[in-house]
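To start, the structure itself, in structure tokens.
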Amino acid sequence: MIKTVRSGLWTCSRCLRQAARAREHQKRWLSSAPGAAQIDTSNIPVDHSPTDLKHDDSLLRQIFDSPPTFKDFARPFFKIGSRENVGLFRNKYLTSPQGFLVFADVTIRRAQKLVNKVLNASTLEDYKALVRDLDRLSDLLCRVLDVSDFVRVTHPDEKIQAAASQAWSLVYQYMNQLNTATGLSDQLGKALANPEVMASWNEEEQTVAKLLQQDFMKSAIHLPKGSRDQFVDLSQRISELGSHFVQDMQPEQRFLEFPSSKLYGMNPQIARRYTRGGVIRLPTMSPEATVALRSVHDEETRKAIYYATRTASSRSIQILEAMLKSRAELAKLSGFESYSQMALHDKMMAKTPESVHQFLLALSKRNAPLVEEEVAALLREKSNKQQSAASDLQPWDRDYYMESIRSSMRSRRRNDDFLSAYFSLGTVMQGLSRLFTRLYGIRLVPRDTLPGETWHPDVRRLDVVSDTDGHVAVLYCDLFYRDDKSPNPAHFTVRCSREISDAEIREVAEQNATSTEGFPKFESPIDAANDGMHVSKQSGAVKQLPTIALVCDFEENRGRNGPALLDYYQMETLFHEMGHAIHSILARTSLQNVAGTRCATDFAELPSTLMEHFCADPSVLGLFARHHVTDEPLPYEMVIDKLHIARRFEASDRENQIILAMLDQQYHSPLPNQDNFDSTQIYLDLQRRYGKLPPDPPGTRWQGFFGHLFGYGSTYYSYLFDQVLSKRVWQIVFSAGQNGAALDRANGERLKENLLKWGGSRDPWRCLSDALQDERLVDGDEKAMSLVGSWVDREDHSQ
């Protein structure tokens, strides 16, 4: 089908986990820096000077750290009445709510001309041009859908939100009309079947043609009309059930009541907040109940809390199982054995459920001995606490004794946790720019905005400038908390890279010359071809510049002296989000269907997850981390202490993720087609078979709280997969940061040339094989997946 489902919004699993952790102050489940604690700090390279004296980056820091500096820099925003409104993101259609509807209308009319051209293709030359025509058609629709998707969840103006939603609906409805007719699919099939046409297409064009063909097949366009109607009905039912499952999940027992004496060990302030008449009444799904599992001394109380927090309502389970059965039915209707097979075969590196199984089995096997060591440590802690030998560990013991060990580690550490004093937002942005300059020869340059260009006064615009190619991308940073903003860190691709042909420039120029009143006027045909947004003209080709928005919710230091300070995990989040952005920036492909993060879903997380290793590397921190008042460099021992504690039970955390990934696979296998399908028994059996930690007791049914089952549907394994891959890239390409390798330009070029620049235009296994120089990976088969699963070793395990 015409592919716009590769949404411009990239909110990955890790981003969502980070947002949740920031609010509950919980550690992340997997380390960001394997080996960090073993670094010899006596040999840490320290370099706080600008990486290139030709480019002063002090302003980059100041526009984030000094509000007066930014206000002077951003004066055009506050003078919107005195100059022409250039439109949101400099899209000249988007100067008012009505502009969104005009943009949608113009887009649909342009799209229909392209549709007619494709449907009327008959000559060899027509079919040779067909893949670029379909890619342009996809790009036209994405131009409206991606910016509207962003605006309706981010823009503070409700009228503009409403207009964006209406524009999105108009174009989405038009796209669905295209996807329910067979004409485009039939024409693409003819082109793919013609050897002369195929021979004329380059690798990128062939990749896009095959992707589009697979999309048409997955939309059931090949089925008889009655089956297509059933496909649409099932898809709608799955969407409704999934929304209900996520939004309405409830525990079987909504409140827990205890005599206040039973919660000894809980924070007294929290306890008092929930106490009435000597009884503490805790909401089962509250953060306080989770904290109680880690802090309450009485074992029977922890047991009661554990049972309640691990038992979803029977209603939630019914909705979940109905959704899973509907997905299985949809897959069967489409000609697939299972929903997992349907979801994996063309959009994931794994390709098949069996490959995912091999990866998870290998990972579980390598991880199990590490979990056994952690369980032994927990048993020793339990024995010490109760002053007698402990023979077993109960499920409700795990979090309690983990926290006990971590508390002991915190009490012994050499430094208080004042890391945030070294991570002002401006210095972190400065550090990212310096890192990218070292690795890729690109830097972040503050750029003043024109009236109407941004959606809020807090937004900073940065141009991404290459040493060799000039202006290569536009980055809008909306990083401060607001009540009306989503709390989830996110990367939006508002416009993808794509080559604009001479023919479409001429076509748009003719249309612009005859435009009626109310339509924008453009300065040039090239300007009109990209709606007024930025283009590049390197190497004789005109390309849309990637336009990206980064959204976070850091607390600004309003009313207080000093910059916004980030804690370690907020700093890590910013590095992670910039990893997504750098993928979009460097993968400037000719076709938009494979630009940037529009690649295999389990490949798209690799660049961002890799950045988590960089932000824990001492040489990278040496580029920017200085105390915001004293200007003293960061003592790296503070980072080592932080990571030691965070990573203490990472093998146990990883085991939980492995089992959840296995559960996701089982739920999307053929099993839901069986009359005796029991989602609870499947989960408990997986825990007992593959877990070393104590499994959930009978009577619990935690799977009713596993909301990711709706959004990820058989792809939950991908975050584990990318954690392993990113660690391997860090170790092989960047030598785990040893001897300054994290800042070596040759290593950056190796990653860029072999992996980043291709986006989705090249087989990700080939990209990975070339980057790691490991031919065992090139086929991307079950053996390759099993090999990746074996890349977990004792080096990851903090003793």
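As shown in the structure tokens, the chain order sets the letters A, B, ...; within each chain, residues go from 1, and ligands are also counted from 1 in the order they appear.
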All strand (DSSP E) residues (DSSP, backbone) inside stretch 512-705 of chain A, as an NGL selection string: :A and (535-536 or 542-544 or 547-554)
DSSP alpha helix (DSSP H) selection over stretch 239-314 of chain A, as a PyMOL selection string: chain A and resi 239-247+268-273+287-295+299-309+314
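Between atom CA of A:Asp105 and atom CA of A:Val144 the interatomic distance comes to 10.0 Å.
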Residues near stretch 344-356 of chain A, cut-off 10 Å, only C-alpha atoms, skip fewer than 2 positions along chain, as a PyMOL selection string: chain A and resi 210-211+214-215+218+336+338-342+358-361+598-604+661-662+665-666+668-669+713-715+717-718+721+763-765+780-786+789
Non-local contacts of stretch 502-511 of chain A (12 Å; only C-alpha atoms; under 3 positions in same chain excluded) as a ChimeraX atom specification: /A:106-107,109-110,113-114,129,132-133,136-137,140,499,514-516,519-531,540-543
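Using only C-alpha atoms, the nearest neighbour of A:Met429 within the list A:Ile585, A:Met285, A:Leu693, A:Leu566 is A:Leu566.
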Residues within 12 Å of A:Phe89, only C-alpha atoms, excluding chain neighbours under 2 positions, as a PyMOL selection string: chain A and resi 85-87+91-95+143+147-148+150-151+449-456+459-461+474-476+493-495+530-534+545-549
Å distance separating atom CA of A:Tyr667 from atom CA of A:Ala322, one decimal place: 11.3 Å
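Nearest-residue note for A:Arg315: choosing from A:Leu241, A:Leu684, A:Leu282, A:Ala377, the minimum distance belongs to A:Leu241, counting only C-alpha atoms.
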Gap from atom CA of A:Pro259 to atom CA of A:Gly704 - Å, one decimal: 28.7 Å
Exercise: A:Arg281 partners within 10 Å, only C-alpha atoms, chain neighbours under 5 positions left out, as a ChimeraX atom specification: /A:255-260,271,273-276
I need the chosen residues saved as an mmCIF file, in the first residue's frame, with N, CA and C atoms.
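Output contents, as saved in part-v9.cif:
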```
data_model
loop_
_atom_site.group_PDB
_atom_site.id
_atom_site.type_symbol
_atom_site.label_atom_id
_atom_site.label_comp_id
_atom_site.auth_asym_id
_atom_site.auth_seq_id
_atom_site.Cartn_x
_atom_site.Cartn_y
_atom_site.Cartn_z
ATOM 1 N N PHE A 255 -7.704 -1.750 45.713
ATOM 2 C CA PHE A 255 -7.084 -1.110 46.871
ATOM 3 C C PHE A 255 -6.561 -2.168 47.837
ATOM 4 N N LEU A 256 -5.524 -1.798 48.566
ATOM 5 C CA LEU A 256 -4.942 -2.662 49.591
ATOM 6 C C LEU A 256 -5.057 -1.948 50.935
ATOM 7 N N GLU A 257 -5.505 -2.669 51.973
ATOM 8 C CA GLU A 257 -5.648 -2.077 53.302
ATOM 9 C C GLU A 257 -4.837 -2.877 54.312
ATOM 10 N N PHE A 258 -4.055 -2.157 55.129
ATOM 11 C CA PHE A 258 -3.226 -2.776 56.155
ATOM 12 C C PHE A 258 -3.239 -1.904 57.405
ATOM 13 N N PRO A 259 -3.117 -2.526 58.570
ATOM 14 C CA PRO A 259 -2.803 -1.722 59.762
ATOM 15 C C PRO A 259 -1.468 -1.008 59.526
ATOM 16 N N SER A 260 -1.380 0.210 59.952
ATOM 17 C CA SER A 260 -0.172 0.997 59.674
ATOM 18 C C SER A 260 1.091 0.313 60.183
ATOM 19 N N ALA A 271 3.386 7.027 53.973
ATOM 20 C CA ALA A 271 2.465 6.266 54.810
ATOM 21 C C ALA A 271 1.385 7.168 55.409
ATOM 22 N N ARG A 273 0.225 9.920 54.266
ATOM 23 C CA ARG A 273 -0.678 10.417 53.220
ATOM 24 C C ARG A 273 -1.843 9.460 52.976
ATOM 25 N N TYR A 274 -1.612 8.153 53.197
ATOM 26 C CA TYR A 274 -2.648 7.158 52.907
ATOM 27 C C TYR A 274 -3.272 6.553 54.174
ATOM 28 N N THR A 275 -2.985 7.134 55.337
ATOM 29 C CA THR A 275 -3.472 6.570 56.599
ATOM 30 C C THR A 275 -4.728 7.282 57.086
ATOM 31 N N ARG A 276 -5.726 6.486 57.424
ATOM 32 C CA ARG A 276 -6.951 6.993 58.054
ATOM 33 C C ARG A 276 -7.336 6.031 59.173
#
```
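Using only C-alpha atoms, the protein and nucleic acid residues lying no more than 9 Å from A:Thr311, apart from those fewer than 6 places from it along its own chain, are Gln250, Pro251, Glu252, Gln253, Gly699, Thr700, Arg701, Trp702, Gln703, Gly704 and Phe705 of chain A.
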Those residues you just picked out, can you put them in a file as a PDB file, in the first residue's frame with N, CA, C and O atoms?
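Final output, selection-v1.pdb:
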```
ATOM      1  N   GLN A 250      -7.112  -2.828  34.558  1.00  0.00           N
ATOM      2  CA  GLN A 250      -7.382  -2.675  35.980  1.00  0.00           C
ATOM      3  C   GLN A 250      -6.908  -3.910  36.725  1.00  0.00           C
ATOM      4  O   GLN A 250      -6.921  -5.016  36.178  1.00  0.00           O
ATOM      5  N   PRO A 251      -6.525  -3.748  38.009  1.00  0.00           N
ATOM      6  CA  PRO A 251      -6.239  -4.928  38.829  1.00  0.00           C
ATOM      7  C   PRO A 251      -7.533  -5.549  39.331  1.00  0.00           C
ATOM      8  O   PRO A 251      -8.581  -4.888  39.369  1.00  0.00           O
ATOM      9  N   GLU A 252      -7.482  -6.810  39.704  1.00  0.00           N
ATOM     10  CA  GLU A 252      -8.661  -7.458  40.278  1.00  0.00           C
ATOM     11  C   GLU A 252      -9.020  -6.808  41.608  1.00  0.00           C
ATOM     12  O   GLU A 252     -10.192  -6.619  41.941  1.00  0.00           O
ATOM     13  N   GLN A 253      -7.991  -6.447  42.391  1.00  0.00           N
ATOM     14  CA  GLN A 253      -8.193  -5.789  43.693  1.00  0.00           C
ATOM     15  C   GLN A 253      -7.666  -4.362  43.569  1.00  0.00           C
ATOM     16  O   GLN A 253      -6.469  -4.143  43.422  1.00  0.00           O
ATOM     17  N   GLY A 699      -2.592 -18.165  40.467  1.00  0.00           N
ATOM     18  CA  GLY A 699      -3.608 -17.191  40.877  1.00  0.00           C
ATOM     19  C   GLY A 699      -3.321 -15.795  40.378  1.00  0.00           C
ATOM     20  O   GLY A 699      -4.216 -14.947  40.327  1.00  0.00           O
ATOM     21  N   THR A 700      -2.063 -15.509  40.014  1.00  0.00           N
ATOM     22  CA  THR A 700      -1.722 -14.208  39.442  1.00  0.00           C
ATOM     23  C   THR A 700      -1.905 -14.256  37.928  1.00  0.00           C
ATOM     24  O   THR A 700      -1.896 -15.322  37.313  1.00  0.00           O
ATOM     25  N   ARG A 701      -2.050 -13.087  37.334  1.00  0.00           N
ATOM     26  CA  ARG A 701      -2.154 -12.982  35.870  1.00  0.00           C
ATOM     27  C   ARG A 701      -1.664 -11.602  35.446  1.00  0.00           C
ATOM     28  O   ARG A 701      -2.444 -10.746  35.033  1.00  0.00           O
ATOM     29  N   TRP A 702      -0.361 -11.432  35.520  1.00  0.00           N
ATOM     30  CA  TRP A 702       0.239 -10.117  35.260  1.00  0.00           C
ATOM     31  C   TRP A 702       0.093  -9.683  33.808  1.00  0.00           C
ATOM     32  O   TRP A 702       0.120  -8.478  33.504  1.00  0.00           O
ATOM     33  N   GLN A 703      -0.071 -10.623  32.879  1.00  0.00           N
ATOM     34  CA  GLN A 703      -0.085 -10.268  31.461  1.00  0.00           C
ATOM     35  C   GLN A 703      -1.169  -9.249  31.128  1.00  0.00           C
ATOM     36  O   GLN A 703      -1.085  -8.548  30.114  1.00  0.00           O
ATOM     37  N   GLY A 704      -2.154  -9.115  31.960  1.00  0.00           N
ATOM     38  CA  GLY A 704      -3.191  -8.112  31.747  1.00  0.00           C
ATOM     39  C   GLY A 704      -2.706  -6.690  31.909  1.00  0.00           C
ATOM     40  O   GLY A 704      -3.429  -5.741  31.577  1.00  0.00           O
ATOM     41  N   PHE A 705      -1.483  -6.507  32.429  1.00  0.00           N
ATOM     42  CA  PHE A 705      -0.869  -5.179  32.545  1.00  0.00           C
ATOM     43  C   PHE A 705       0.186  -4.934  31.458  1.00  0.00           C
ATOM     44  O   PHE A 705       0.814  -3.879  31.450  1.00  0.00           O
TER      45      PHE A 705
END
```
Best match for closeness to A:Gly691 among A:Asp774, A:Asp233, A:Glu555, A:Glu655, counting only C-alpha atoms: A:Glu655
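For the set A:Arg482, A:His627, A:Arg398, A:Arg750, the residue with the smallest atom-to-atom gap to A:Asp553 is A:Arg482, counting only C-alpha atoms.
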Top pick for closest residue to A:Ala343, considering A:Gln230, A:Gly711, A:Asn194, A:Pro287 and counting only C-alpha atoms: A:Gly711
